[in-house]
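Here's start20.txt, which has compact mmCIF, C-alpha atoms:
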# COMPACT_ATOMS: atom_id res chain seq x y z
CA MET A 148 -15.97 -22.60 -10.11
CA ASN A 149 -12.62 -21.35 -8.82
CA VAL A 150 -11.77 -17.70 -9.39
CA ILE A 151 -8.79 -15.37 -8.98
CA VAL A 152 -9.94 -11.84 -8.20
CA ASP A 153 -8.34 -8.44 -7.82
CA LEU A 154 -10.56 -6.29 -5.60
CA CYS A 155 -10.29 -2.51 -5.18
CA VAL A 156 -12.96 -0.87 -3.01
CA VAL A 157 -13.28 2.94 -3.02
CA PRO A 158 -15.61 4.35 -0.33
CA MET A 159 -16.95 7.80 -1.32
CA GLY A 160 -18.26 10.63 0.83
CA VAL A 161 -16.02 9.79 3.80
CA GLY A 162 -13.04 12.02 3.14
CA VAL A 163 -9.71 11.33 1.58
CA SER A 164 -8.36 8.55 3.81
CA VAL A 165 -10.01 5.19 3.32
CA SER A 166 -7.50 2.71 4.77
CA ARG A 167 -9.68 1.80 7.75
CA TYR A 168 -12.39 0.64 5.34
CA ILE A 169 -9.86 -1.43 3.40
CA ALA A 170 -8.63 -2.99 6.64
CA VAL A 171 -12.20 -4.07 7.44
CA CYS A 172 -12.45 -5.70 4.00
CA GLU A 173 -9.21 -7.59 4.65
CA LYS A 174 -10.73 -8.94 7.88
CA ILE A 175 -13.96 -9.96 6.14
CA LEU A 176 -12.05 -11.78 3.38
CA ALA A 177 -9.81 -13.58 5.90
CA GLU A 178 -12.81 -14.57 8.05
CA ALA A 179 -14.37 -16.09 4.91
CA GLY A 180 -11.35 -18.39 4.73
CA LEU A 181 -10.11 -16.86 1.50
CA ASN A 182 -6.46 -16.72 0.48
CA CYS A 183 -5.71 -13.00 0.10
CA GLN A 184 -2.75 -10.79 -0.69
CA LEU A 185 -2.92 -7.04 -0.16
CA HIS A 186 -1.04 -4.87 -2.67
CA ALA A 187 -0.72 -1.14 -3.24
CA TYR A 188 -3.87 -0.82 -5.37
CA GLY A 189 -6.13 -3.63 -4.23
CA THR A 190 -6.23 -7.15 -2.89
CA ASN A 191 -5.70 -10.44 -4.74
CA ILE A 192 -8.14 -13.16 -3.69
CA GLU A 193 -8.49 -16.78 -4.76
CA GLY A 194 -11.29 -19.18 -3.93
CA ASP A 195 -14.67 -20.54 -4.86
CA TRP A 196 -16.78 -18.06 -6.90
CA ASP A 197 -19.71 -17.96 -4.45
CA THR A 198 -17.50 -17.65 -1.35
CA VAL A 199 -15.55 -14.79 -2.96
CA PHE A 200 -18.60 -12.82 -4.10
CA THR A 201 -20.49 -13.38 -0.85
CA ALA A 202 -17.47 -11.89 0.95
CA ILE A 203 -17.27 -8.94 -1.47
CA ARG A 204 -20.97 -8.27 -0.93
CA ARG A 205 -20.35 -8.33 2.81
CA CYS A 206 -17.54 -5.75 2.35
CA HIS A 207 -20.07 -3.40 0.73
CA THR A 208 -22.67 -4.01 3.45
CA VAL A 209 -20.23 -3.39 6.31
CA ILE A 210 -18.61 -0.30 4.72
CA HIS A 211 -22.08 1.22 4.31
CA GLU A 212 -22.84 0.35 7.96
CA MET A 213 -19.60 2.14 8.95
CA GLY A 214 -21.08 5.29 7.42
CA ALA A 215 -19.91 5.44 3.82
CA PRO A 216 -22.94 6.46 1.72
CA ARG A 217 -21.42 5.40 -1.60
CA ILE A 218 -18.88 2.82 -2.79
CA SER A 219 -17.27 2.42 -6.21
CA THR A 220 -15.47 -0.90 -6.56
CA THR A 221 -13.31 -2.27 -9.37
CA ILE A 222 -12.92 -6.04 -9.74
CA LYS A 223 -10.81 -8.03 -12.16
CA LEU A 224 -11.64 -11.72 -12.16
CA GLY A 225 -10.20 -14.67 -14.00
CA THR A 226 -11.50 -18.20 -14.49
CA ARG A 227 -9.96 -20.98 -16.54
CA THR A 228 -10.96 -24.52 -17.39
CA ASP A 229 -7.78 -25.74 -19.10
CA ARG A 230 -5.84 -26.28 -15.86
CA PRO A 231 -5.87 -25.29 -12.18
CA GLN A 232 -3.84 -22.16 -11.41
CA THR A 233 -3.13 -20.41 -8.12
CA MET A 234 -2.13 -16.78 -7.57
CA MET A 235 1.43 -17.98 -6.89
CA ASP A 236 1.42 -19.95 -10.17
CA LYS A 237 0.62 -16.75 -12.06
CA ILE A 238 3.46 -14.80 -10.45
CA ARG A 239 5.96 -17.70 -10.86
CA SER A 240 5.04 -18.08 -14.52
CA VAL A 241 6.00 -14.46 -15.26
CA GLU A 242 9.13 -14.63 -13.09
CA GLU A 243 10.33 -17.75 -14.93
CA LYS A 244 9.97 -15.96 -18.26
CA LEU A 245 11.94 -13.01 -16.84
CA LYS A 246 14.76 -15.34 -15.72
CA LEU A 247 14.87 -17.04 -19.12
CA ALA A 248 15.13 -13.64 -20.79
CA GLU A 249 18.05 -12.67 -18.54
CA ARG A 250 19.97 -15.91 -19.05
CA PRO A 251 23.12 -15.43 -21.14
CA ASP A 252 23.23 -17.57 -24.28
CA MET B 169 -28.84 -4.39 -2.19
CA ASN B 170 -29.20 -2.64 -5.55
CA VAL B 171 -26.10 -2.29 -7.68
CA ILE B 172 -25.03 -0.55 -10.91
CA VAL B 173 -22.38 -2.57 -12.72
CA ASP B 174 -20.16 -2.12 -15.74
CA LEU B 175 -19.21 -5.56 -17.09
CA CYS B 176 -16.42 -6.27 -19.60
CA VAL B 177 -15.78 -9.95 -20.37
CA VAL B 178 -12.63 -10.91 -22.32
CA PRO B 179 -12.53 -14.57 -23.46
CA MET B 180 -8.94 -15.73 -24.04
CA GLY B 181 -7.57 -18.51 -26.21
CA VAL B 182 -10.34 -18.19 -28.82
CA GLY B 183 -8.75 -15.84 -31.31
CA VAL B 184 -9.11 -12.13 -31.80
CA SER B 185 -12.85 -11.80 -32.40
CA VAL B 186 -14.99 -12.21 -29.30
CA SER B 187 -18.28 -10.51 -30.20
CA ARG B 188 -20.24 -13.79 -30.33
CA TYR B 189 -19.31 -14.42 -26.68
CA ILE B 190 -20.41 -10.90 -25.73
CA ALA B 191 -23.71 -11.43 -27.56
CA VAL B 192 -24.32 -14.56 -25.48
CA CYS B 193 -23.69 -12.54 -22.28
CA GLU B 194 -26.22 -9.94 -23.44
CA LYS B 195 -28.80 -12.70 -23.83
CA ILE B 196 -28.03 -14.16 -20.39
CA LEU B 197 -28.34 -10.75 -18.74
CA ALA B 198 -31.63 -10.00 -20.53
CA GLU B 199 -33.03 -13.44 -19.64
CA ALA B 200 -32.21 -12.67 -15.99
CA GLY B 201 -34.58 -9.70 -16.28
CA LEU B 202 -31.79 -7.18 -15.82
CA ASN B 203 -31.83 -3.69 -17.28
CA CYS B 204 -28.75 -3.56 -19.54
CA GLN B 205 -27.12 -1.13 -21.92
CA LEU B 206 -24.33 -2.26 -24.24
CA HIS B 207 -21.56 0.25 -24.95
CA ALA B 208 -18.29 0.12 -26.87
CA TYR B 209 -16.23 -1.28 -23.97
CA GLY B 210 -18.68 -3.24 -21.85
CA THR B 211 -22.27 -3.40 -20.66
CA ASN B 212 -23.99 -1.34 -17.98
CA ILE B 213 -26.31 -3.38 -15.77
CA GLU B 214 -28.57 -2.41 -12.90
CA GLY B 215 -30.41 -4.68 -10.52
CA ASP B 216 -30.34 -6.65 -7.32
CA TRP B 217 -26.80 -7.68 -6.27
CA ASP B 218 -27.49 -11.42 -6.21
CA THR B 219 -29.40 -11.43 -9.51
CA VAL B 220 -26.57 -9.49 -11.19
CA PHE B 221 -23.75 -11.69 -9.90
CA THR B 222 -25.64 -14.92 -10.56
CA ALA B 223 -26.02 -13.75 -14.17
CA ILE B 224 -22.33 -12.80 -14.44
CA ARG B 225 -21.34 -16.22 -13.09
CA ARG B 226 -23.60 -17.78 -15.72
CA CYS B 227 -21.82 -15.73 -18.42
CA HIS B 228 -18.51 -17.32 -17.33
CA THR B 229 -20.02 -20.82 -17.23
CA VAL B 230 -21.57 -20.55 -20.70
CA ILE B 231 -18.50 -18.94 -22.32
CA HIS B 232 -16.36 -21.80 -20.99
CA GLU B 233 -18.94 -24.28 -22.35
CA MET B 234 -18.69 -22.55 -25.74
CA GLY B 235 -15.00 -23.47 -25.75
CA ALA B 236 -13.10 -20.55 -24.24
CA PRO B 237 -10.52 -22.02 -21.85
CA ARG B 238 -9.85 -18.75 -20.04
CA ILE B 239 -11.76 -15.55 -19.28
CA SER B 240 -10.51 -12.26 -17.84
CA THR B 241 -13.35 -9.99 -16.77
CA THR B 242 -13.34 -6.43 -15.47
CA ILE B 243 -16.26 -5.20 -13.36
CA LYS B 244 -16.94 -1.78 -11.92
CA LEU B 245 -19.77 -1.75 -9.40
CA GLY B 246 -21.42 0.97 -7.41
CA THR B 247 -23.74 0.86 -4.41
CA ARG B 248 -25.16 3.76 -2.45
CA THR B 249 -27.34 4.09 0.62
CA ASP B 250 -28.02 7.83 0.58
CA ARG B 251 -30.62 7.68 -2.20
CA PRO B 252 -31.84 5.42 -5.00
CA GLN B 253 -30.15 6.06 -8.35
CA THR B 254 -30.69 4.47 -11.76
CA MET B 255 -28.26 4.31 -14.67
CA MET B 256 -30.30 7.02 -16.41
CA ASP B 257 -30.09 9.21 -13.28
CA LYS B 258 -26.28 9.03 -13.44
CA ILE B 259 -26.16 10.06 -17.09
CA ARG B 260 -28.76 12.84 -16.62
CA SER B 261 -26.86 14.21 -13.63
CA VAL B 262 -23.72 14.72 -15.72
CA GLU B 263 -25.68 16.08 -18.70
CA GLU B 264 -27.42 18.67 -16.49
CA LYS B 265 -24.06 19.90 -15.22
CA LEU B 266 -22.85 20.15 -18.83
CA LYS B 267 -25.91 22.24 -19.78
CA LEU B 268 -25.44 24.55 -16.78
CA ALA B 269 -21.80 25.07 -17.78
CA GLU B 270 -22.84 26.00 -21.31
CA ARG B 271 -25.54 28.47 -20.23
CA PRO B 272 -24.61 32.07 -20.96
CA ASP B 273 -24.56 34.30 -17.85
CA MET C 1439 -1.45 4.26 -32.36
CA ASN C 1440 -5.25 4.43 -32.24
CA VAL C 1441 -6.95 3.42 -28.98
CA ILE C 1442 -10.46 2.83 -27.68
CA VAL C 1443 -10.71 3.74 -24.00
CA ASP C 1444 -13.29 3.45 -21.26
CA LEU C 1445 -12.60 6.13 -18.64
CA CYS C 1446 -14.10 6.26 -15.13
CA VAL C 1447 -12.83 9.04 -12.88
CA VAL C 1448 -13.69 8.95 -9.15
CA PRO C 1449 -12.80 12.14 -7.23
CA MET C 1450 -12.34 11.44 -3.50
CA GLY C 1451 -12.64 13.74 -0.51
CA VAL C 1452 -15.30 15.93 -2.12
CA GLY C 1453 -18.48 14.31 -0.85
CA VAL C 1454 -20.82 11.85 -2.44
CA SER C 1455 -21.87 13.71 -5.60
CA VAL C 1456 -19.22 13.88 -8.29
CA SER C 1457 -21.19 14.64 -11.47
CA ARG C 1458 -19.85 18.18 -11.81
CA TYR C 1459 -16.30 16.75 -12.00
CA ILE C 1460 -17.40 14.23 -14.65
CA ALA C 1461 -19.02 17.05 -16.64
CA VAL C 1462 -15.72 18.92 -16.64
CA CYS C 1463 -13.96 15.80 -17.97
CA GLU C 1464 -16.53 15.56 -20.76
CA LYS C 1465 -15.71 19.13 -21.75
CA ILE C 1466 -11.95 18.50 -21.66
CA LEU C 1467 -12.31 15.39 -23.84
CA ALA C 1468 -14.56 17.21 -26.33
CA GLU C 1469 -12.19 20.20 -26.48
CA ALA C 1470 -9.37 17.75 -27.32
CA GLY C 1471 -11.39 16.80 -30.41
CA LEU C 1472 -11.98 13.26 -29.18
CA ASN C 1473 -15.01 11.20 -30.10
CA CYS C 1474 -16.67 10.43 -26.75
CA GLN C 1475 -19.79 8.67 -25.52
CA LEU C 1476 -20.91 9.05 -21.91
CA HIS C 1477 -22.52 5.97 -20.29
CA ALA C 1478 -23.75 5.17 -16.80
CA TYR C 1479 -20.36 4.07 -15.45
CA GLY C 1480 -17.81 5.98 -17.50
CA THR C 1481 -17.07 7.45 -20.89
CA ASN C 1482 -16.00 5.69 -24.09
CA ILE C 1483 -13.30 7.55 -26.00
CA GLU C 1484 -11.58 6.82 -29.30
CA GLY C 1485 -8.57 8.57 -30.76
CA ASP C 1486 -4.83 8.77 -31.01
CA TRP C 1487 -3.03 7.35 -27.94
CA ASP C 1488 -1.16 10.55 -27.06
CA THR C 1489 -4.18 12.82 -27.59
CA VAL C 1490 -6.31 10.57 -25.38
CA PHE C 1491 -3.81 10.30 -22.52
CA THR C 1492 -2.90 14.00 -22.63
CA ALA C 1493 -6.64 14.73 -22.21
CA ILE C 1494 -6.96 12.22 -19.34
CA ARG C 1495 -3.98 13.82 -17.61
CA ARG C 1496 -5.66 17.20 -18.04
CA CYS C 1497 -8.83 15.78 -16.40
CA HIS C 1498 -6.75 14.88 -13.32
CA THR C 1499 -5.04 18.29 -13.25
CA VAL C 1500 -8.30 20.23 -13.53
CA ILE C 1501 -10.20 18.08 -10.99
CA HIS C 1502 -7.40 18.68 -8.47
CA GLU C 1503 -7.55 22.41 -9.26
CA MET C 1504 -11.32 22.29 -8.58
CA GLY C 1505 -10.47 21.15 -5.05
CA ALA C 1506 -10.47 17.34 -5.10
CA PRO C 1507 -7.42 16.21 -3.11
CA ARG C 1508 -7.47 12.64 -4.43
CA ILE C 1509 -8.64 10.87 -7.59
CA SER C 1510 -8.95 7.14 -8.31
CA THR C 1511 -9.48 6.42 -11.99
CA THR C 1512 -10.19 3.17 -13.81
CA ILE C 1513 -9.29 2.90 -17.50
CA LYS C 1514 -9.88 0.05 -19.92
CA LEU C 1515 -8.03 0.47 -23.20
CA GLY C 1516 -7.87 -1.56 -26.36
CA THR C 1517 -5.50 -1.47 -29.30
CA ARG C 1518 -5.44 -3.74 -32.33
CA THR C 1519 -3.21 -4.09 -35.35
CA ASP C 1520 -5.22 -6.61 -37.40
CA ARG C 1521 -7.77 -4.08 -38.64
CA PRO C 1522 -9.15 -0.62 -37.85
CA GLN C 1523 -12.16 -0.65 -35.51
CA THR C 1524 -14.33 2.19 -34.21
CA MET C 1525 -16.49 2.23 -31.09
CA MET C 1526 -19.57 1.87 -33.33
CA ASP C 1527 -17.97 -1.15 -35.06
CA LYS C 1528 -17.63 -2.87 -31.67
CA ILE C 1529 -21.28 -2.29 -30.74
CA ARG C 1530 -22.54 -3.28 -34.22
CA SER C 1531 -20.50 -6.47 -34.16
CA VAL C 1532 -22.23 -7.64 -30.96
CA GLU C 1533 -25.66 -6.51 -32.17
CA GLU C 1534 -25.27 -8.46 -35.42
CA LYS C 1535 -24.46 -11.62 -33.46
CA LEU C 1536 -27.56 -11.00 -31.31
CA LYS C 1537 -29.76 -10.68 -34.41
CA LEU C 1538 -28.32 -13.88 -35.92
CA ALA C 1539 -29.06 -15.71 -32.67
CA GLU C 1540 -32.68 -14.51 -32.70
CA ARG C 1541 -33.32 -15.46 -36.35
CA PRO C 1542 -35.71 -18.39 -36.69
CA ASP C 1543 -34.24 -21.41 -38.54
CA MET D 684 2.35 14.79 -11.48
CA ASN D 685 3.17 11.61 -9.55
CA VAL D 686 0.90 8.62 -10.06
CA ILE D 687 0.37 5.16 -8.58
CA VAL D 688 -0.88 2.73 -11.21
CA ASP D 689 -2.11 -0.83 -11.32
CA LEU D 690 -1.54 -2.24 -14.82
CA CYS D 691 -3.08 -5.41 -16.23
CA VAL D 692 -2.33 -6.18 -19.88
CA VAL D 693 -4.31 -8.94 -21.65
CA PRO D 694 -2.96 -9.88 -25.11
CA MET D 695 -5.68 -11.46 -27.28
CA GLY D 696 -5.43 -13.80 -30.23
CA VAL D 697 -2.23 -15.47 -28.99
CA GLY D 698 -3.64 -18.43 -27.10
CA VAL D 699 -4.27 -18.98 -23.44
CA SER D 700 -0.81 -18.42 -21.95
CA VAL D 701 0.31 -14.81 -21.86
CA SER D 702 3.07 -14.76 -19.23
CA ARG D 703 5.84 -14.13 -21.75
CA TYR D 704 4.11 -10.92 -22.80
CA ILE D 705 3.76 -9.84 -19.16
CA ALA D 706 7.45 -10.57 -18.58
CA VAL D 707 8.32 -8.24 -21.46
CA CYS D 708 6.18 -5.50 -19.87
CA GLU D 709 8.04 -5.96 -16.58
CA LYS D 710 11.32 -5.41 -18.43
CA ILE D 711 10.02 -2.31 -20.20
CA LEU D 712 8.78 -0.80 -16.94
CA ALA D 713 12.08 -1.57 -15.16
CA GLU D 714 14.11 -0.13 -18.05
CA ALA D 715 12.04 3.07 -17.73
CA GLY D 716 13.38 3.34 -14.18
CA LEU D 717 9.96 2.82 -12.64
CA ASN D 718 9.38 1.28 -9.23
CA CYS D 719 7.23 -1.81 -9.94
CA GLN D 720 5.75 -4.67 -8.00
CA LEU D 721 4.28 -7.67 -9.81
CA HIS D 722 1.21 -9.30 -8.20
CA ALA D 723 -1.12 -12.10 -9.23
CA TYR D 724 -3.44 -9.90 -11.32
CA GLY D 725 -1.27 -7.05 -12.53
CA THR D 726 1.66 -4.83 -11.67
CA ASN D 727 1.80 -1.86 -9.31
CA ILE D 728 3.84 1.05 -10.67
CA GLU D 729 4.75 4.40 -9.18
CA GLY D 730 6.37 7.35 -10.90
CA ASP D 731 5.92 10.47 -12.94
CA TRP D 732 2.72 10.46 -15.05
CA ASP D 733 4.46 10.91 -18.41
CA THR D 734 7.17 8.33 -17.69
CA VAL D 735 4.54 5.78 -16.61
CA PHE D 736 2.26 6.28 -19.62
CA THR D 737 5.12 6.38 -22.11
CA ALA D 738 6.22 2.99 -20.71
CA ILE D 739 2.67 1.59 -20.90
CA ARG D 740 2.40 2.74 -24.51
CA ARG D 741 5.71 1.00 -25.22
CA CYS D 742 4.28 -2.22 -23.67
CA HIS D 743 1.44 -2.10 -26.22
CA THR D 744 3.82 -1.37 -29.12
CA VAL D 745 6.19 -4.22 -28.22
CA ILE D 746 3.42 -6.78 -27.53
CA HIS D 747 1.94 -6.03 -30.95
CA GLU D 748 5.43 -6.41 -32.49
CA MET D 749 5.71 -9.81 -30.76
CA GLY D 750 2.66 -10.88 -32.76
CA ALA D 751 -0.39 -10.16 -30.61
CA PRO D 752 -3.01 -8.57 -32.90
CA ARG D 753 -5.16 -7.22 -30.07
CA ILE D 754 -4.62 -6.08 -26.48
CA SER D 755 -7.17 -5.24 -23.80
CA THR D 756 -5.61 -3.48 -20.82
CA THR D 757 -7.08 -2.42 -17.49
CA ILE D 758 -5.44 0.41 -15.55
CA LYS D 759 -6.28 1.82 -12.14
CA LEU D 760 -4.49 5.05 -11.38
CA GLY D 761 -4.41 7.31 -8.39
CA THR D 762 -3.17 10.87 -7.93
CA ARG D 763 -3.34 13.03 -4.83
CA THR D 764 -2.39 16.59 -3.99
CA ASP D 765 -2.91 16.57 -0.21
CA ARG D 766 0.34 14.71 0.55
CA PRO D 767 2.97 12.51 -1.11
CA GLN D 768 2.24 8.78 -0.85
CA THR D 769 4.24 5.79 -2.05
CA MET D 770 2.97 2.29 -2.81
CA MET D 771 4.51 1.12 0.49
CA ASP D 772 2.72 3.93 2.36
CA LYS D 773 -0.61 2.65 1.05
CA ILE D 774 0.06 -0.92 2.17
CA ARG D 775 1.42 0.18 5.58
CA SER D 776 -1.59 2.39 6.18
CA VAL D 777 -3.96 -0.57 5.82
CA GLU D 778 -1.70 -2.89 7.84
CA GLU D 779 -1.56 -0.39 10.72
CA LYS D 780 -5.36 -0.25 10.82
CA LEU D 781 -5.44 -4.06 10.87
CA LYS D 782 -3.03 -4.16 13.83
CA LEU D 783 -5.05 -1.56 15.73
CA ALA D 784 -8.18 -3.64 15.18
CA GLU D 785 -6.47 -6.74 16.54
CA ARG D 786 -5.02 -5.05 19.65
CA PRO D 787 -6.72 -6.21 22.87
CA ASP D 788 -8.33 -3.41 24.89

Rewrite the coordinates I just gave you, this time as structure tokens.
Amino acid sequence: MNVIVDLCVVPMGVGVSVSRYIAVCEKILAEAGLNCQLHAYGTNIEGDWDTVFTAIRRCHTVIHEMGAPRISTTIKLGTRTDRPQTMMDKIRSVEEKLKLAERPD
Amino acid sequence: MNVIVDLCVVPMGVGVSVSRYIAVCEKILAEAGLNCQLHAYGTNIEGDWDTVFTAIRRCHTVIHEMGAPRISTTIKLGTRTDRPQTMMDKIRSVEEKLKLAERPD
Amino acid sequence: MNVIVDLCVVPMGVGVSVSRYIAVCEKILAEAGLNCQLHAYGTNIEGDWDTVFTAIRRCHTVIHEMGAPRISTTIKLGTRTDRPQTMMDKIRSVEEKLKLAERPD
Amino acid sequence: MNVIVDLCVVPMGVGVSVSRYIAVCEKILAEAGLNCQLHAYGTNIEGDWDTVFTAIRRCHTVIHEMGAPRISTTIKLGTRTDRPQTMMDKIRSVEEKLKLAERPD
């Protein structure tokens, strides 16, 4: 099953700056061969369900090994069976609607 | 790795009422032997990481089989290595602080 | 506009235990006259949109005043125009479907 | 209070394709003068708390007016008092850590 995920990992008990933990997650996701796109409040990921969730589990394991005693993560995940859809398809679909709305009659 | 999860599954393309899909998820989670607690905007689950995510994947598979062409799910998930913590521990911890705050000096 | 919300506030930079901050949020929400229900990974709230979001903003203000330099909050929120629905309605609707499924033929 | 938000609006009861509703949200956010960045599973927004949440409320109002009887929205929101931080700051902070990790000794 293919899945599009938005992943936001919040390490707790390690102070206010957490970007080095996020950077490690980015590396783990890339090493898993997943197509990823970092944004300002998380990372978009697309791929096979098991590959994605094995990588997310590894993010938790490694962040704990780096010293974070607690992690609170938020995931949005979408699956669909009507047609294949990539992350770029989703963005293009909204942008096309925006262009149509701006087109003069 | 033990995990506490909050799961909110939103089937799309099946009309406005989705409670029968949520009821099926509750059954899947219970059949997986997971400790669950339904609330008004999701379900709390605690258990082993792989057991939890295998059950969530099964929720997606079965909801698609029931006819929903698209699903958008939101998951919050917490892990900690400093000490074991159950769902009831989390609730009790907040309720104790509330009682302390209400105690007259 | 009436709204049902699931609120999960994560104070950062204050160590691993955050229940005293959550307890303060519970008090703020109750003082705003909102119907709330604490669960293991957040708090369900129902009420008028502006009352709810004014209270959530106050949670952020007060948690910062308590010394937390950073807060990452996750909110799920539902509105509907087809019919009124309370938090209890949502839970009952799922539980009824579960009972129907368990009924012998 | 300044806030960085990730907004994901899911209209329900309007079929499987929802991009035209998302496009309308993008317009509402832009018209509110907010700095926004669409991604594959939501939209990053930065701005003043009240401006952001007034715009999000307007998204719900307009999507209902367009005919969607139900909406389930997920919001992540971050505030901090230790220092100002833009959406670009957050991305750059992670990217710098990634570059440091890749630098040969």

Could the residues of chain B that have an atom at most 10 Å from stretch 1482-1488 of chain C be listed as a tab-separated table, each with its closest atom pair and the distance in Å to one decimal, counting only C-alpha atoms and ordered by chain and ascending residue number?
residue	atom	partner	partner_atom	distance
B:His207	CA	C:Asn1482	CA	7.8
B:Ala208	CA	C:Asn1482	CA	6.6
B:Tyr209	CA	C:Asn1482	CA	7.0
B:Gly210	CA	C:Asn1482	CA	9.6

What does chain C look like once superposed on chain D, all Cα atoms paired in sequence order, least squares? Give it as a short mmCIF file (atom, residue, chain, number, x, y, z; two decimals) with C-alpha atoms, in the frame of the given file.
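part-v7.cif, written as the output of this step:
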data_model
loop_
_atom_site.label_atom_id
_atom_site.label_comp_id
_atom_site.auth_asym_id
_atom_site.auth_seq_id
_atom_site.Cartn_x
_atom_site.Cartn_y
_atom_site.Cartn_z
CA MET C 1439 2.36 14.80 -11.49
CA ASN C 1440 3.18 11.62 -9.55
CA VAL C 1441 0.89 8.62 -10.05
CA ILE C 1442 0.38 5.16 -8.58
CA VAL C 1443 -0.87 2.74 -11.22
CA ASP C 1444 -2.11 -0.83 -11.31
CA LEU C 1445 -1.54 -2.23 -14.81
CA CYS C 1446 -3.08 -5.43 -16.22
CA VAL C 1447 -2.33 -6.17 -19.86
CA VAL C 1448 -4.30 -8.94 -21.63
CA PRO C 1449 -2.96 -9.88 -25.09
CA MET C 1450 -5.69 -11.46 -27.26
CA GLY C 1451 -5.43 -13.80 -30.22
CA VAL C 1452 -2.24 -15.46 -28.98
CA GLY C 1453 -3.62 -18.44 -27.09
CA VAL C 1454 -4.27 -18.99 -23.44
CA SER C 1455 -0.81 -18.42 -21.95
CA VAL C 1456 0.30 -14.80 -21.85
CA SER C 1457 3.07 -14.76 -19.22
CA ARG C 1458 5.85 -14.14 -21.73
CA TYR C 1459 4.10 -10.90 -22.79
CA ILE C 1460 3.75 -9.84 -19.13
CA ALA C 1461 7.45 -10.56 -18.58
CA VAL C 1462 8.31 -8.24 -21.46
CA CYS C 1463 6.18 -5.50 -19.87
CA GLU C 1464 8.04 -5.97 -16.59
CA LYS C 1465 11.31 -5.42 -18.43
CA ILE C 1466 10.01 -2.31 -20.22
CA LEU C 1467 8.78 -0.81 -16.93
CA ALA C 1468 12.07 -1.58 -15.17
CA GLU C 1469 14.10 -0.13 -18.06
CA ALA C 1470 12.03 3.07 -17.74
CA GLY C 1471 13.38 3.34 -14.18
CA LEU C 1472 9.95 2.84 -12.63
CA ASN C 1473 9.39 1.28 -9.24
CA CYS C 1474 7.24 -1.79 -9.95
CA GLN C 1475 5.75 -4.67 -8.00
CA LEU C 1476 4.28 -7.66 -9.81
CA HIS C 1477 1.21 -9.30 -8.20
CA ALA C 1478 -1.13 -12.09 -9.23
CA TYR C 1479 -3.44 -9.90 -11.32
CA GLY C 1480 -1.26 -7.05 -12.54
CA THR C 1481 1.66 -4.83 -11.68
CA ASN C 1482 1.80 -1.85 -9.32
CA ILE C 1483 3.83 1.05 -10.67
CA GLU C 1484 4.73 4.42 -9.19
CA GLY C 1485 6.36 7.35 -10.93
CA ASP C 1486 5.92 10.47 -12.96
CA TRP C 1487 2.72 10.48 -15.06
CA ASP C 1488 4.45 10.90 -18.43
CA THR C 1489 7.17 8.33 -17.69
CA VAL C 1490 4.55 5.80 -16.62
CA PHE C 1491 2.25 6.27 -19.62
CA THR C 1492 5.12 6.38 -22.12
CA ALA C 1493 6.22 2.99 -20.72
CA ILE C 1494 2.66 1.59 -20.91
CA ARG C 1495 2.41 2.73 -24.52
CA ARG C 1496 5.71 0.99 -25.21
CA CYS C 1497 4.28 -2.23 -23.67
CA HIS C 1498 1.43 -2.10 -26.22
CA THR C 1499 3.81 -1.39 -29.12
CA VAL C 1500 6.18 -4.23 -28.22
CA ILE C 1501 3.41 -6.78 -27.53
CA HIS C 1502 1.95 -6.04 -30.98
CA GLU C 1503 5.43 -6.41 -32.49
CA MET C 1504 5.70 -9.82 -30.75
CA GLY C 1505 2.65 -10.89 -32.76
CA ALA C 1506 -0.40 -10.15 -30.60
CA PRO C 1507 -3.02 -8.59 -32.89
CA ARG C 1508 -5.16 -7.23 -30.06
CA ILE C 1509 -4.61 -6.08 -26.47
CA SER C 1510 -7.17 -5.24 -23.77
CA THR C 1511 -5.60 -3.48 -20.80
CA THR C 1512 -7.08 -2.43 -17.47
CA ILE C 1513 -5.43 0.41 -15.55
CA LYS C 1514 -6.28 1.81 -12.13
CA LEU C 1515 -4.49 5.06 -11.37
CA GLY C 1516 -4.41 7.33 -8.38
CA THR C 1517 -3.17 10.88 -7.93
CA ARG C 1518 -3.34 13.04 -4.82
CA THR C 1519 -2.39 16.59 -4.00
CA ASP C 1520 -2.89 16.58 -0.22
CA ARG C 1521 0.34 14.74 0.55
CA PRO C 1522 2.97 12.54 -1.10
CA GLN C 1523 2.25 8.81 -0.86
CA THR C 1524 4.25 5.80 -2.05
CA MET C 1525 2.98 2.31 -2.79
CA MET C 1526 4.54 1.13 0.50
CA ASP C 1527 2.74 3.95 2.36
CA LYS C 1528 -0.60 2.65 1.04
CA ILE C 1529 0.08 -0.92 2.17
CA ARG C 1530 1.46 0.19 5.57
CA SER C 1531 -1.56 2.39 6.18
CA VAL C 1532 -3.94 -0.58 5.82
CA GLU C 1533 -1.68 -2.88 7.84
CA GLU C 1534 -1.53 -0.39 10.72
CA LYS C 1535 -5.33 -0.24 10.82
CA LEU C 1536 -5.41 -4.06 10.87
CA LYS C 1537 -3.00 -4.17 13.82
CA LEU C 1538 -5.03 -1.57 15.74
CA ALA C 1539 -8.17 -3.64 15.17
CA GLU C 1540 -6.46 -6.77 16.53
CA ARG C 1541 -5.08 -5.08 19.66
CA PRO C 1542 -6.79 -6.27 22.83
CA ASP C 1543 -8.50 -3.49 24.85
#

query = Nearest to B:Val171 among B:Thr247, B:Ser261, B:Thr254, B:Thr211, with distances taken over all atoms listed in the file: which residue is it?
reply = B:Thr247

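Using all atoms listed in the file, the part of chain D that sits within 7 Å of chain C is made up of Pro752, Arg753, Ile754, Ser755, Thr756, Thr757, Ile758, Lys759, Leu760, Gly761, Thr762, Arg763, Thr764 and Asp765 of chain D.
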